[in-house]
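Below is the file target25.txt, which contains compact mmCIF, C-alpha atoms (C1' of nucleotides).
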# COMPACT_ATOMS: atom_id res chain seq x y z
CA MET X 1 -66.64 -58.31 80.79
CA ALA X 2 -66.23 -61.11 78.28
CA ARG X 3 -68.74 -62.71 75.98
CA THR X 4 -71.33 -60.05 75.13
CA THR X 5 -75.06 -60.45 74.72
CA GLY X 6 -76.01 -61.86 71.34
CA SER X 7 -72.44 -62.61 70.32
CA HIS X 8 -72.10 -65.28 67.70
CA SER X 9 -69.37 -66.62 65.48
CA ASP X 10 -71.64 -66.70 62.44
CA ILE X 11 -72.27 -62.99 62.84
CA THR X 12 -68.88 -61.70 63.93
CA GLY X 13 -66.89 -63.70 61.38
CA PRO X 14 -68.45 -62.06 58.34
CA ARG X 15 -68.35 -58.69 60.04
CA VAL X 16 -64.61 -59.02 60.55
CA ARG X 17 -64.12 -59.78 56.89
CA ALA X 18 -66.43 -56.95 55.85
CA ALA X 19 -64.63 -54.44 58.05
CA ALA X 20 -61.22 -55.59 56.86
CA LEU X 21 -62.35 -55.41 53.26
CA GLN X 22 -63.59 -51.86 53.57
CA LEU X 23 -60.63 -50.60 55.55
CA PHE X 24 -58.02 -52.32 53.38
CA ALA X 25 -59.64 -50.89 50.27
CA ARG X 26 -59.88 -47.40 51.72
CA HIS X 27 -56.49 -47.06 53.43
CA GLY X 28 -54.40 -49.97 52.22
CA TYR X 29 -53.43 -53.16 54.01
CA ALA X 30 -50.25 -51.85 55.62
CA ALA X 31 -51.93 -48.69 56.87
CA VAL X 32 -54.75 -50.51 58.65
CA SER X 33 -54.19 -51.94 62.13
CA MET X 34 -55.92 -54.89 63.73
CA ARG X 35 -57.21 -52.49 66.37
CA GLN X 36 -58.89 -50.38 63.71
CA ILE X 37 -60.62 -53.44 62.30
CA ALA X 38 -61.65 -54.51 65.78
CA ARG X 39 -63.06 -51.06 66.56
CA GLU X 40 -65.14 -51.17 63.38
CA VAL X 41 -66.55 -54.54 64.40
CA GLY X 42 -67.11 -53.41 67.96
CA VAL X 43 -64.76 -55.87 69.58
CA GLN X 44 -61.30 -56.00 71.14
CA ALA X 45 -58.31 -56.66 68.90
CA GLY X 46 -57.59 -60.03 70.49
CA ALA X 47 -61.02 -61.34 69.52
CA LEU X 48 -60.14 -61.09 65.83
CA TYR X 49 -57.80 -64.04 66.26
CA ASN X 50 -60.81 -66.29 66.70
CA TYR X 51 -61.47 -65.66 63.01
CA THR X 52 -58.06 -65.43 61.41
CA PRO X 53 -54.65 -66.81 62.36
CA ASP X 54 -53.06 -63.47 61.46
CA LYS X 55 -53.50 -60.25 59.53
CA GLN X 56 -51.84 -61.57 56.39
CA THR X 57 -54.23 -64.53 56.13
CA LEU X 58 -57.15 -62.16 56.53
CA LEU X 59 -56.00 -60.31 53.42
CA PHE X 60 -55.27 -63.50 51.53
CA GLU X 61 -58.68 -64.98 52.24
CA LEU X 62 -60.40 -61.85 50.98
CA MET X 63 -58.47 -62.00 47.74
CA LYS X 64 -58.87 -65.73 47.33
CA THR X 65 -62.63 -65.57 47.84
CA HIS X 66 -62.86 -62.77 45.33
CA MET X 67 -60.89 -64.63 42.69
CA GLU X 68 -62.86 -67.82 43.27
CA GLU X 69 -66.11 -65.98 42.74
CA LEU X 70 -64.74 -64.34 39.62
CA LEU X 71 -63.63 -67.65 38.16
CA GLU X 72 -66.92 -69.30 39.01
CA ALA X 73 -68.94 -66.47 37.50
CA SER X 74 -66.91 -66.42 34.30
CA SER X 75 -66.38 -70.11 33.66
CA VAL X 76 -70.04 -70.99 33.10
CA ARG X 77 -69.66 -69.77 29.54
CA LYS X 78 -70.75 -72.35 26.99
CA SER X 79 -69.16 -72.89 23.64
CA ILE X 80 -70.58 -70.13 21.48
CA GLU X 81 -69.30 -67.99 18.67
CA PRO X 82 -66.27 -65.81 19.43
CA LEU X 83 -68.04 -62.49 18.96
CA GLU X 84 -70.89 -63.43 21.24
CA ALA X 85 -68.43 -64.83 23.76
CA LEU X 86 -66.46 -61.59 23.66
CA ASP X 87 -69.55 -59.48 24.31
CA GLU X 88 -70.55 -61.78 27.12
CA PHE X 89 -67.09 -61.53 28.66
CA THR X 90 -67.22 -57.75 28.48
CA GLN X 91 -70.58 -57.59 30.17
CA LEU X 92 -69.67 -60.09 32.84
CA HIS X 93 -66.42 -58.36 33.67
CA LEU X 94 -68.09 -54.97 33.88
CA ASN X 95 -71.01 -56.11 36.00
CA PHE X 96 -68.97 -58.32 38.29
CA HIS X 97 -66.38 -55.63 38.95
CA ALA X 98 -68.90 -52.83 39.34
CA GLU X 99 -70.60 -54.79 42.10
CA ARG X 100 -67.37 -55.30 44.04
CA PRO X 101 -65.28 -52.14 43.95
CA ASP X 102 -63.53 -52.86 47.25
CA GLU X 103 -62.63 -56.43 46.36
CA VAL X 104 -61.30 -55.38 42.97
CA PHE X 105 -59.25 -52.60 44.46
CA ILE X 106 -57.65 -54.95 46.95
CA ALA X 107 -57.05 -57.69 44.42
CA TYR X 108 -55.05 -55.27 42.26
CA MET X 109 -53.32 -53.14 44.85
CA GLU X 110 -52.38 -55.46 47.67
CA LEU X 111 -50.64 -58.22 45.76
CA ARG X 112 -47.28 -57.07 47.03
CA ASN X 113 -48.39 -57.51 50.63
CA LEU X 114 -48.90 -61.22 50.14
CA GLY X 115 -46.25 -63.72 51.11
CA PRO X 116 -44.65 -65.58 48.19
CA ASP X 117 -46.87 -68.66 48.48
CA ASN X 118 -50.08 -66.73 48.77
CA PHE X 119 -48.99 -64.48 45.94
CA ALA X 120 -48.40 -67.45 43.68
CA ILE X 121 -51.86 -68.81 44.38
CA ILE X 122 -53.63 -65.56 43.57
CA GLU X 123 -51.47 -65.00 40.53
CA ARG X 124 -52.36 -68.41 39.20
CA MET X 125 -56.06 -67.66 39.54
CA ARG X 126 -55.67 -64.36 37.76
CA ARG X 127 -53.86 -66.13 34.94
CA ARG X 128 -56.73 -68.56 34.64
CA TYR X 129 -59.12 -65.67 34.22
CA GLU X 130 -56.97 -64.04 31.56
CA ASP X 131 -56.71 -67.36 29.74
CA GLN X 132 -60.47 -67.40 29.29
CA LEU X 133 -60.39 -64.16 27.35
CA GLU X 134 -57.35 -65.22 25.38
CA ALA X 135 -59.11 -68.42 24.33
CA ILE X 136 -61.98 -66.36 22.99
CA LEU X 137 -59.63 -64.08 21.09
CA ARG X 138 -57.69 -66.98 19.65
CA ALA X 139 -60.86 -68.67 18.47
CA GLY X 140 -61.89 -65.41 16.85
CA VAL X 141 -58.57 -65.00 15.12
CA GLU X 142 -58.70 -68.53 13.79
CA GLY X 143 -62.22 -67.95 12.54
CA LYS X 144 -61.09 -64.70 10.89
CA VAL X 145 -63.68 -62.74 12.84
CA PHE X 146 -61.09 -60.88 14.96
CA GLN X 147 -57.89 -59.24 13.78
CA VAL X 148 -55.26 -58.90 16.48
CA ALA X 149 -51.51 -58.91 16.05
CA ASP X 150 -50.90 -60.70 19.36
CA THR X 151 -53.61 -62.41 21.38
CA LYS X 152 -51.69 -62.20 24.65
CA VAL X 153 -51.16 -58.46 24.31
CA ALA X 154 -54.75 -57.94 23.23
CA THR X 155 -55.92 -59.89 26.25
CA MET X 156 -54.01 -57.66 28.62
CA ALA X 157 -55.16 -54.54 26.79
CA VAL X 158 -58.83 -55.47 26.94
CA ILE X 159 -58.72 -56.45 30.60
CA ALA X 160 -56.88 -53.26 31.54
CA MET X 161 -59.41 -51.24 29.60
CA LEU X 162 -62.34 -52.93 31.32
CA THR X 163 -60.91 -52.90 34.81
CA GLY X 164 -60.10 -49.21 34.41
CA VAL X 165 -63.81 -48.50 34.59
CA ASN X 166 -63.63 -49.00 38.33
CA THR X 167 -61.41 -45.95 38.74
CA TRP X 168 -64.09 -43.53 37.57
CA PHE X 169 -67.50 -45.22 37.38
CA ARG X 170 -69.91 -44.38 40.16
CA GLU X 171 -73.52 -45.56 40.38
CA GLY X 172 -75.79 -42.57 39.97
CA GLY X 173 -73.30 -40.64 37.86
CA ARG X 174 -73.73 -39.26 34.36
CA LEU X 175 -73.98 -42.72 32.81
CA SER X 176 -75.72 -45.86 33.98
CA LEU X 177 -73.83 -49.13 34.10
CA GLU X 178 -75.92 -50.33 31.18
CA GLU X 179 -74.88 -47.37 29.04
CA VAL X 180 -71.25 -47.87 29.99
CA GLY X 181 -71.62 -51.52 29.08
CA LYS X 182 -72.83 -50.68 25.58
CA ILE X 183 -70.00 -48.23 24.99
CA TYR X 184 -67.37 -50.68 26.14
CA THR X 185 -68.85 -53.55 24.18
CA ASP X 186 -68.30 -51.49 21.03
CA MET X 187 -64.84 -50.31 22.00
CA VAL X 188 -63.70 -53.83 22.87
CA ARG X 189 -65.06 -55.17 19.59
CA ASN X 190 -63.25 -52.44 17.71
CA ALA X 191 -60.02 -52.92 19.62
CA VAL X 192 -59.82 -56.56 18.53
CA GLY X 193 -60.84 -55.76 14.97
CA ALA X 194 -64.23 -57.46 15.13
CA MET A 195 -19.31 -39.47 64.51
CA ALA A 196 -21.27 -36.91 62.61
CA ARG A 197 -20.62 -35.48 59.17
CA THR A 198 -18.92 -38.18 57.13
CA THR A 199 -16.15 -37.84 54.56
CA GLY A 200 -17.40 -36.66 51.21
CA SER A 201 -20.92 -35.91 52.41
CA HIS A 202 -22.82 -33.41 50.31
CA SER A 203 -26.37 -32.17 50.08
CA ASP A 204 -26.38 -32.31 46.30
CA ILE A 205 -25.52 -35.98 46.45
CA THR A 206 -27.56 -37.15 49.41
CA GLY A 207 -30.73 -35.31 48.44
CA PRO A 208 -31.24 -37.17 45.15
CA ARG A 209 -30.20 -40.40 46.77
CA VAL A 210 -32.90 -40.00 49.39
CA ARG A 211 -35.51 -39.48 46.70
CA ALA A 212 -34.20 -42.40 44.67
CA ALA A 213 -34.26 -44.73 47.65
CA ALA A 214 -37.75 -43.61 48.65
CA LEU A 215 -38.97 -44.07 45.09
CA GLN A 216 -37.69 -47.58 44.82
CA LEU A 217 -38.85 -48.68 48.25
CA PHE A 218 -42.29 -47.08 47.96
CA ALA A 219 -42.79 -48.73 44.58
CA ARG A 220 -41.66 -52.11 45.82
CA HIS A 221 -43.35 -52.31 49.21
CA GLY A 222 -45.83 -49.45 49.34
CA TYR A 223 -45.63 -46.14 51.15
CA ALA A 224 -47.18 -47.32 54.40
CA ALA A 225 -45.01 -50.40 54.60
CA VAL A 226 -41.73 -48.50 54.24
CA SER A 227 -40.15 -46.83 57.27
CA MET A 228 -37.90 -43.80 57.35
CA ARG A 229 -35.23 -46.03 58.83
CA GLN A 230 -35.39 -48.34 55.82
CA ILE A 231 -34.93 -45.41 53.48
CA ALA A 232 -32.05 -44.13 55.60
CA ARG A 233 -30.36 -47.52 55.58
CA GLU A 234 -30.59 -47.63 51.79
CA VAL A 235 -28.95 -44.21 51.58
CA GLY A 236 -26.34 -45.15 54.18
CA VAL A 237 -27.35 -42.57 56.72
CA GLN A 238 -29.19 -42.30 60.02
CA ALA A 239 -32.95 -41.73 59.99
CA GLY A 240 -32.67 -38.27 61.51
CA ALA A 241 -30.54 -37.06 58.61
CA LEU A 242 -33.43 -37.56 56.19
CA TYR A 243 -35.13 -34.55 57.71
CA ASN A 244 -32.51 -32.31 56.14
CA TYR A 245 -34.16 -33.20 52.83
CA THR A 246 -37.84 -33.46 53.58
CA PRO A 247 -40.06 -31.97 56.29
CA ASP A 248 -41.79 -35.33 56.70
CA LYS A 249 -42.51 -38.70 55.10
CA GLN A 250 -45.74 -37.57 53.49
CA THR A 251 -44.05 -34.66 51.71
CA LEU A 252 -41.39 -37.03 50.41
CA LEU A 253 -44.11 -39.07 48.73
CA PHE A 254 -45.91 -36.01 47.47
CA GLU A 255 -42.79 -34.51 45.89
CA LEU A 256 -42.07 -37.74 44.05
CA MET A 257 -45.56 -37.79 42.61
CA LYS A 258 -45.57 -34.10 41.81
CA THR A 259 -42.25 -34.28 39.99
CA HIS A 260 -43.47 -37.23 38.00
CA MET A 261 -46.68 -35.50 36.95
CA GLU A 262 -44.83 -32.32 36.05
CA GLU A 263 -42.49 -34.25 33.80
CA LEU A 264 -45.41 -36.07 32.22
CA LEU A 265 -47.25 -32.84 31.52
CA GLU A 266 -44.16 -31.19 30.14
CA ALA A 267 -43.36 -34.14 27.89
CA SER A 268 -46.90 -34.36 26.54
CA SER A 269 -47.82 -30.72 26.14
CA VAL A 270 -45.23 -29.95 23.48
CA ARG A 271 -47.63 -31.41 20.94
CA LYS A 272 -48.35 -29.01 18.09
CA SER A 273 -51.62 -28.65 16.27
CA ILE A 274 -51.68 -31.55 13.86
CA GLU A 275 -54.32 -33.86 12.52
CA PRO A 276 -56.26 -35.93 15.07
CA LEU A 277 -55.07 -39.29 13.85
CA GLU A 278 -51.43 -38.26 13.90
CA ALA A 279 -51.93 -36.68 17.30
CA LEU A 280 -53.50 -39.87 18.60
CA ASP A 281 -50.59 -41.99 17.39
CA GLU A 282 -48.17 -39.53 18.92
CA PHE A 283 -50.02 -39.61 22.22
CA THR A 284 -49.94 -43.41 22.23
CA GLN A 285 -46.22 -43.51 21.58
CA LEU A 286 -45.41 -40.84 24.11
CA HIS A 287 -47.48 -42.45 26.83
CA LEU A 288 -45.96 -45.85 26.21
CA ASN A 289 -42.37 -44.64 26.10
CA PHE A 290 -42.68 -42.26 28.99
CA HIS A 291 -44.30 -44.84 31.24
CA ALA A 292 -41.98 -47.66 30.22
CA GLU A 293 -39.01 -45.55 31.29
CA ARG A 294 -40.44 -44.85 34.72
CA PRO A 295 -42.10 -47.97 36.11
CA ASP A 296 -41.54 -47.01 39.74
CA GLU A 297 -42.90 -43.50 39.36
CA VAL A 298 -45.96 -44.75 37.49
CA PHE A 299 -46.64 -47.39 40.09
CA ILE A 300 -46.50 -44.88 42.90
CA ALA A 301 -48.58 -42.29 41.07
CA TYR A 302 -51.37 -44.82 40.67
CA MET A 303 -51.17 -46.74 43.91
CA GLU A 304 -50.32 -44.23 46.58
CA LEU A 305 -52.92 -41.58 45.91
CA ARG A 306 -54.81 -42.61 49.00
CA ASN A 307 -51.82 -41.95 51.20
CA LEU A 308 -51.79 -38.29 50.29
CA GLY A 309 -53.41 -35.70 52.51
CA PRO A 310 -56.49 -34.00 51.01
CA ASP A 311 -54.62 -30.92 49.75
CA ASN A 312 -51.80 -32.89 48.18
CA PHE A 313 -54.31 -35.30 46.68
CA ALA A 314 -56.21 -32.45 45.05
CA ILE A 315 -53.04 -31.09 43.47
CA ILE A 316 -52.02 -34.41 41.95
CA GLU A 317 -55.56 -35.13 40.84
CA ARG A 318 -55.73 -31.81 39.03
CA MET A 319 -52.53 -32.61 37.16
CA ARG A 320 -53.82 -36.00 36.15
CA ARG A 321 -56.99 -34.39 34.88
CA ARG A 322 -54.94 -32.02 32.78
CA TYR A 323 -53.19 -34.97 31.17
CA GLU A 324 -56.46 -36.73 30.44
CA ASP A 325 -57.83 -33.53 28.93
CA GLN A 326 -55.09 -33.59 26.32
CA LEU A 327 -56.23 -36.94 25.01
CA GLU A 328 -59.86 -35.95 25.20
CA ALA A 329 -59.15 -32.86 23.11
CA ILE A 330 -57.60 -35.07 20.45
CA LEU A 331 -60.57 -37.41 20.48
CA ARG A 332 -63.05 -34.56 20.31
CA ALA A 333 -61.26 -33.03 17.37
CA GLY A 334 -61.31 -36.40 15.65
CA VAL A 335 -65.02 -36.86 16.28
CA GLU A 336 -65.79 -33.40 14.91
CA GLY A 337 -63.70 -34.12 11.85
CA LYS A 338 -65.52 -37.46 11.40
CA VAL A 339 -62.22 -39.32 11.54
CA PHE A 340 -62.99 -41.02 14.89
CA GLN A 341 -66.23 -42.67 15.97
CA VAL A 342 -66.71 -42.79 19.71
CA ALA A 343 -69.98 -42.71 21.60
CA ASP A 344 -68.53 -40.71 24.49
CA THR A 345 -65.18 -38.93 24.40
CA LYS A 346 -64.77 -38.89 28.19
CA VAL A 347 -65.32 -42.63 28.46
CA ALA A 348 -63.08 -43.29 25.47
CA THR A 349 -60.37 -41.18 27.06
CA MET A 350 -60.43 -43.22 30.24
CA ALA A 351 -60.55 -46.47 28.29
CA VAL A 352 -57.53 -45.61 26.16
CA ILE A 353 -55.46 -44.40 29.09
CA ALA A 354 -56.31 -47.49 31.14
CA MET A 355 -55.38 -49.68 28.20
CA LEU A 356 -52.04 -47.94 27.73
CA THR A 357 -51.11 -47.73 31.38
CA GLY A 358 -51.93 -51.39 31.76
CA VAL A 359 -48.83 -52.18 29.74
CA ASN A 360 -46.74 -51.43 32.80
CA THR A 361 -48.22 -54.41 34.64
CA TRP A 362 -46.72 -56.95 32.26
CA PHE A 363 -44.13 -55.35 29.97
CA ARG A 364 -40.50 -56.03 30.83
CA GLU A 365 -37.51 -54.94 28.79
CA GLY A 366 -35.90 -57.98 27.27
CA GLY A 367 -39.10 -60.00 27.19
CA ARG A 368 -40.82 -61.63 24.23
CA LEU A 369 -41.62 -58.27 22.61
CA SER A 370 -39.58 -55.09 22.31
CA LEU A 371 -41.08 -51.78 23.33
CA GLU A 372 -41.19 -50.82 19.69
CA GLU A 373 -43.24 -53.88 18.78
CA VAL A 374 -45.59 -53.27 21.67
CA GLY A 375 -45.92 -49.67 20.48
CA LYS A 376 -47.01 -50.76 17.02
CA ILE A 377 -49.58 -53.18 18.39
CA TYR A 378 -51.05 -50.61 20.72
CA THR A 379 -51.11 -47.90 18.08
CA ASP A 380 -53.37 -50.15 16.04
CA MET A 381 -55.54 -51.18 18.94
CA VAL A 382 -56.03 -47.61 20.10
CA ARG A 383 -56.91 -46.50 16.60
CA ASN A 384 -59.43 -49.30 16.33
CA ALA A 385 -60.89 -48.64 19.75
CA VAL A 386 -61.80 -45.06 18.80
CA GLY A 387 -63.08 -46.11 15.39
CA ALA A 388 -60.32 -44.49 13.37
C1' DA L 389 -80.38 -76.67 87.39
C1' DA L 390 -75.66 -77.82 86.56
C1' DG L 391 -71.88 -78.30 83.53
C1' DT L 392 -69.57 -77.25 79.34
C1' DT L 393 -68.04 -74.52 75.77
C1' DA L 394 -67.63 -70.74 72.57
C1' DA L 395 -66.90 -65.76 72.46
C1' DC L 396 -64.85 -62.04 74.16
C1' DT L 397 -62.10 -58.76 77.46
C1' DG L 398 -58.18 -56.54 78.91
C1' DA L 399 -53.62 -56.47 79.96
C1' DA L 400 -49.27 -57.47 78.59
C1' DC L 401 -45.20 -58.72 75.36
C1' DG L 402 -41.23 -56.87 72.76
C1' DC L 403 -40.67 -54.04 68.73
C1' DT L 404 -41.15 -50.51 65.47
C1' DT L 405 -42.94 -46.15 64.12
C1' DG L 406 -42.23 -40.84 62.63
C1' DT L 407 -40.04 -37.14 64.42
C1' DT L 408 -37.08 -33.99 67.41
C1' DC L 409 -32.88 -32.34 69.25
C1' DC L 410 -28.40 -31.76 70.90
C1' DT L 411 -23.77 -32.98 69.66
C1' DT L 412 -20.03 -33.83 66.63
C1' DT L 413 -17.40 -33.32 62.57
C1' DA L 414 -16.03 -32.32 57.76
C1' DA L 415 -16.05 -28.84 54.36
C1' DA L 416 -16.28 -23.95 52.88
C1' DA L 417 -15.30 -19.09 53.63
C1' DC L 418 -12.36 -15.73 54.98
C1' DG F 419 -5.06 -20.97 59.84
C1' DT F 420 -9.11 -19.72 61.98
C1' DT F 421 -14.01 -19.30 61.98
C1' DT F 422 -18.33 -20.45 60.29
C1' DT F 423 -21.61 -23.50 58.52
C1' DA F 424 -23.68 -27.47 56.49
C1' DA F 425 -24.37 -32.43 57.15
C1' DA F 426 -24.84 -36.28 59.75
C1' DG F 427 -24.82 -39.12 64.24
C1' DG F 428 -27.19 -41.03 67.83
C1' DA F 429 -30.17 -41.03 71.59
C1' DA F 430 -34.65 -40.13 73.04
C1' DC F 431 -39.85 -39.39 72.75
C1' DA F 432 -44.63 -41.01 73.04
C1' DA F 433 -47.50 -43.73 70.37
C1' DG F 434 -48.80 -47.58 68.00
C1' DC F 435 -47.90 -52.24 66.09
C1' DG F 436 -49.26 -57.62 65.68
C1' DT F 437 -49.93 -61.12 68.62
C1' DT F 438 -50.62 -64.01 72.96
C1' DC F 439 -53.06 -65.48 76.90
C1' DA F 440 -55.27 -66.05 81.34
C1' DG F 441 -59.62 -64.80 83.00
C1' DT F 442 -64.67 -63.93 82.54
C1' DT F 443 -69.27 -64.52 80.97
C1' DA F 444 -73.24 -65.58 77.88
C1' DA F 445 -75.24 -69.27 75.42
C1' DC F 446 -75.92 -74.05 74.60
C1' DT F 447 -76.29 -79.05 76.20
C1' DT F 448 -78.07 -82.37 78.98

Let me see whether you can do it: turn the structure in this file into C-alpha cells.
Amino acid sequence: MARTTGSHSDITGPRVRAAALQLFARHGYAAVSMRQIAREVGVQAGALYNYTPDKQTLLFELMKTHMEELLEASSVRKSIEPLEALDEFTQLHLNFHAERPDEVFIAYMELRNLGPDNFAIIERMRRRYEDQLEAILRAGVEGKVFQVADTKVATMAVIAMLTGVNTWFREGGRLSLEEVGKIYTDMVRNAVGA
Amino acid sequence: MARTTGSHSDITGPRVRAAALQLFARHGYAAVSMRQIAREVGVQAGALYNYTPDKQTLLFELMKTHMEELLEASSVRKSIEPLEALDEFTQLHLNFHAERPDEVFIAYMELRNLGPDNFAIIERMRRRYEDQLEAILRAGVEGKVFQVADTKVATMAVIAMLTGVNTWFREGGRLSLEEVGKIYTDMVRNAVGA
DNA sequence: AAGTTAACTGAACGCTTGTTCCTTTAAAAC
DNA sequence: GTTTTAAAGGAACAAGCGTTCAGTTAACTT
C-alpha cells in the first residue's frame, strides 16, 4: 500500500501538528516518539517527514506559532490609560492562555529541548511580550497611578501569577473563566498598588 | 575490574542522587539516561541499581524528599497574627526555593513522568503545603485584615507569583535575595488586600 | 486515457534505552 | 590471616529510537 484514499497534505499537515501538540503537552517532548505521533495521525512514521524536517523543528514550529499568535493578540492595544491597559492585559492573558492549555504548557516546559538558536528566537519573543506589560507598569508608575518598587520584578510577578491559572483552572469547574477574570483583575491591580 | 579503591555506599548513594538531580533539572527526566547519570558519578550503569530499584523511583525519591523538607520547614509556624504569618510564609517560600532551584524545577516539571501512585503521593504533599497558606488567608479574611474574593484562588495566585521568582532570579544579579524578598512581601500583601 | 506527481508504506540503518546477571575485587569481620 | 560481604564491572538482553529511502498507489493534469 502507499497513498491512501482521501489523503491530502492540507489535512495531514495540521493533524500532525495537532497530534504532536497534544502528545508533547501530555507526556513531554523527549518522552514522545515519532511513531507515537504517526500512530495518532494514522500514518507510518516515515510519512511525518513530509511535514517536518525533524522532530526538533516540529516542536519549534509549535512554540513559534504560539508565540506569534500571542504577540499578535496582545499588540493591538491602543494607547490608553495605564489602569485600563493593565485590566485589558490581564483579561487578554487569561483568555488567550485558557484557550490554549497545551500550547502554553509546551511553551513553558519544553524550552530546554530547543537547540540554542531556536531557544534564542523563542526567548526573544517572550521578552517582547513581557516588555508590553512592563511598559504599562512604567507608564502607571510615572503617572503615579501604580506603586511598584521595581517594574521588572512586578512584571515577572504578575505574569507568573496569571500564567499559574493554567495549572488549576478547568472549564466547568467551581468558577467560570469570567469569575476568575474578575478576581485576578482585582488581585493584579492590588499587587501593583493601583 | 570490579569494586574500586575507596568505594563506599554512603558516598556513592548521595552522589547518584545528586547527579540525577542535576541532570534531570537540566535536561528533563525523559531525556536523561541511566548511563549519563552513571558517567557523572564515575561508575557503570549497572551499579546504579544498588541504589535505586529503577529510574522512576529515583525521580520519585528526589521529589518526595524535596516535598518532605518543604513541609517540615514550613509547618513549624506557630499561631501568630495573619499578617505576620503571611510575611513569614513569603520569606520562607522565597528562601527555601532560592536555595533549591534544581529540586523546585523537577518538582514542578516532572510530575507527569511519575506513575499514578507516586503522582498521587506528591500531589497530596503539595496540597498540604497550599493548605497552610490558605489557612493563613482564611484567618486574615475572618479577622478583616485581608480582603480576597476567594481564598483558594488567592492561594494559587500567591504561590504562582512566588514560585515564579525561580525562573529569573540568579544569585549575584541586579537584586539580592533580600531585596527581592522585600519587594515580594509588599506585593503579596497588596495582592490579598492587606 | 495516459502521464505526472504528491502522499504514503514498509523495511532497513546504526544507536541508544532500562534493566539483569554473573564475575571480580576491595573492604570489613572474625 | 582467612573468610565473608558489599560494591562495582562489564557484557548481554529485547525493545525502541530518529531518520532515510526505494517502491507503490491515489489523485490531479492535460

What are the centre and the three edge lengths of an axis-aligned box that wraps all atoms of range 277-284 of chain A in the file, given that 5 Å is added to every side, written as lines of an AutoDock Vina configuration file and rounded to one decimal in Å?
center_x = -51.6
center_y = -40.0
center_z = 18.0
size_x = 16.9
size_y = 16.7
size_z = 18.4

Inset, instruction - Find the residues of chain F in contact range of chain A, meaning any atom within 7 Å when counting only C-alpha atoms (C1' of nucleotides), and list them as a PyMOL selection string. - result: chain F and resi 425-427

Legend entry - d(CA of Lys272 in chain A, CA of Arg332 in chain A) in Å: 15.9 Å

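Going from CA of Gly193 in chain X over to CA of Val148 in chain X, you cover 6.6 Å.
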
Per residue of chain X within 6 Å of chain A, what are the shortest atom pair and its distance in Å to one decimal, counting only C-alpha atoms, with rows by chain and residue number, as a tab-separated table?
residue	atom	partner	partner_atom	distance
X:Ala30	CA	A:Ala225	CA	5.5
X:Ala31	CA	A:Ala224	CA	5.5
X:Ala157	CA	A:Met355	CA	5.1
X:Ala160	CA	A:Met355	CA	5.1
X:Met161	CA	A:Met355	CA	4.5
X:Gly164	CA	A:Ala354	CA	5.3
X:Met187	CA	A:Ala385	CA	4.8
X:Asn190	CA	A:Ala385	CA	4.9
X:Ala191	CA	A:Ala385	CA	4.4

Write the residues of the selection above to a file with C-alpha atoms, as an mmCIF file, in the coordinates of the input.
data_model
loop_
_atom_site.group_PDB
_atom_site.id
_atom_site.type_symbol
_atom_site.label_atom_id
_atom_site.label_comp_id
_atom_site.auth_asym_id
_atom_site.auth_seq_id
_atom_site.Cartn_x
_atom_site.Cartn_y
_atom_site.Cartn_z
ATOM 1 C CA ALA X 30 -50.250 -51.850 55.620
ATOM 2 C CA ALA X 31 -51.930 -48.690 56.870
ATOM 3 C CA ALA X 157 -55.160 -54.540 26.790
ATOM 4 C CA ALA X 160 -56.880 -53.260 31.540
ATOM 5 C CA MET X 161 -59.410 -51.240 29.600
ATOM 6 C CA GLY X 164 -60.100 -49.210 34.410
ATOM 7 C CA MET X 187 -64.840 -50.310 22.000
ATOM 8 C CA ASN X 190 -63.250 -52.440 17.710
ATOM 9 C CA ALA X 191 -60.020 -52.920 19.620
#

Give me the residues of chain L that have any atom at most 7 Å from an atom of chain X; for each, the nearest atom pair and the distance in Å, rounded to one decimal. Use only C-alpha atoms (C1' of nucleotides), sort by chain and number, and format it as JSON lines.
{"residue": "L:DA395", "atom": "C1'", "partner": "X:Arg3", "partner_atom": "CA", "distance": 5.0}
{"residue": "L:DC396", "atom": "C1'", "partner": "X:Arg3", "partner_atom": "CA", "distance": 4.3}
{"residue": "L:DT397", "atom": "C1'", "partner": "X:Ala2", "partner_atom": "CA", "distance": 4.8}

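Shortest atom-to-atom contact with DA444 in chain F among L:DT405, L:DA389, L:DC410, L:DA394: L:DA394, counting all atoms listed in the file.
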
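The environment of Arg127 in chain X within 12 Å, counting only C-alpha atoms (C1' of nucleotides) and disregarding residues fewer than 3 places along the same chain, consists of X:Met67, X:Leu70, X:Leu71, X:Ala120, X:Ile121, X:Ile122, X:Glu123, X:Arg124, X:Glu130, X:Asp131, X:Gln132, X:Leu133, X:Glu134, X:Lys152, X:Thr155, X:Met156, X:Ile159, A:Trp362.
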
Just C-alpha atoms for this one: save the residues we selected as an mmCIF file, keeping the file's coordinate frame.
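And here is the file that came out, out_32.cif:
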data_model
loop_
_atom_site.group_PDB
_atom_site.id
_atom_site.type_symbol
_atom_site.label_atom_id
_atom_site.label_comp_id
_atom_site.auth_asym_id
_atom_site.auth_seq_id
_atom_site.Cartn_x
_atom_site.Cartn_y
_atom_site.Cartn_z
ATOM 1 C CA MET X 67 -60.890 -64.630 42.690
ATOM 2 C CA LEU X 70 -64.740 -64.340 39.620
ATOM 3 C CA LEU X 71 -63.630 -67.650 38.160
ATOM 4 C CA ALA X 120 -48.400 -67.450 43.680
ATOM 5 C CA ILE X 121 -51.860 -68.810 44.380
ATOM 6 C CA ILE X 122 -53.630 -65.560 43.570
ATOM 7 C CA GLU X 123 -51.470 -65.000 40.530
ATOM 8 C CA ARG X 124 -52.360 -68.410 39.200
ATOM 9 C CA GLU X 130 -56.970 -64.040 31.560
ATOM 10 C CA ASP X 131 -56.710 -67.360 29.740
ATOM 11 C CA GLN X 132 -60.470 -67.400 29.290
ATOM 12 C CA LEU X 133 -60.390 -64.160 27.350
ATOM 13 C CA GLU X 134 -57.350 -65.220 25.380
ATOM 14 C CA LYS X 152 -51.690 -62.200 24.650
ATOM 15 C CA THR X 155 -55.920 -59.890 26.250
ATOM 16 C CA MET X 156 -54.010 -57.660 28.620
ATOM 17 C CA ILE X 159 -58.720 -56.450 30.600
ATOM 18 C CA TRP A 362 -46.720 -56.950 32.260
#
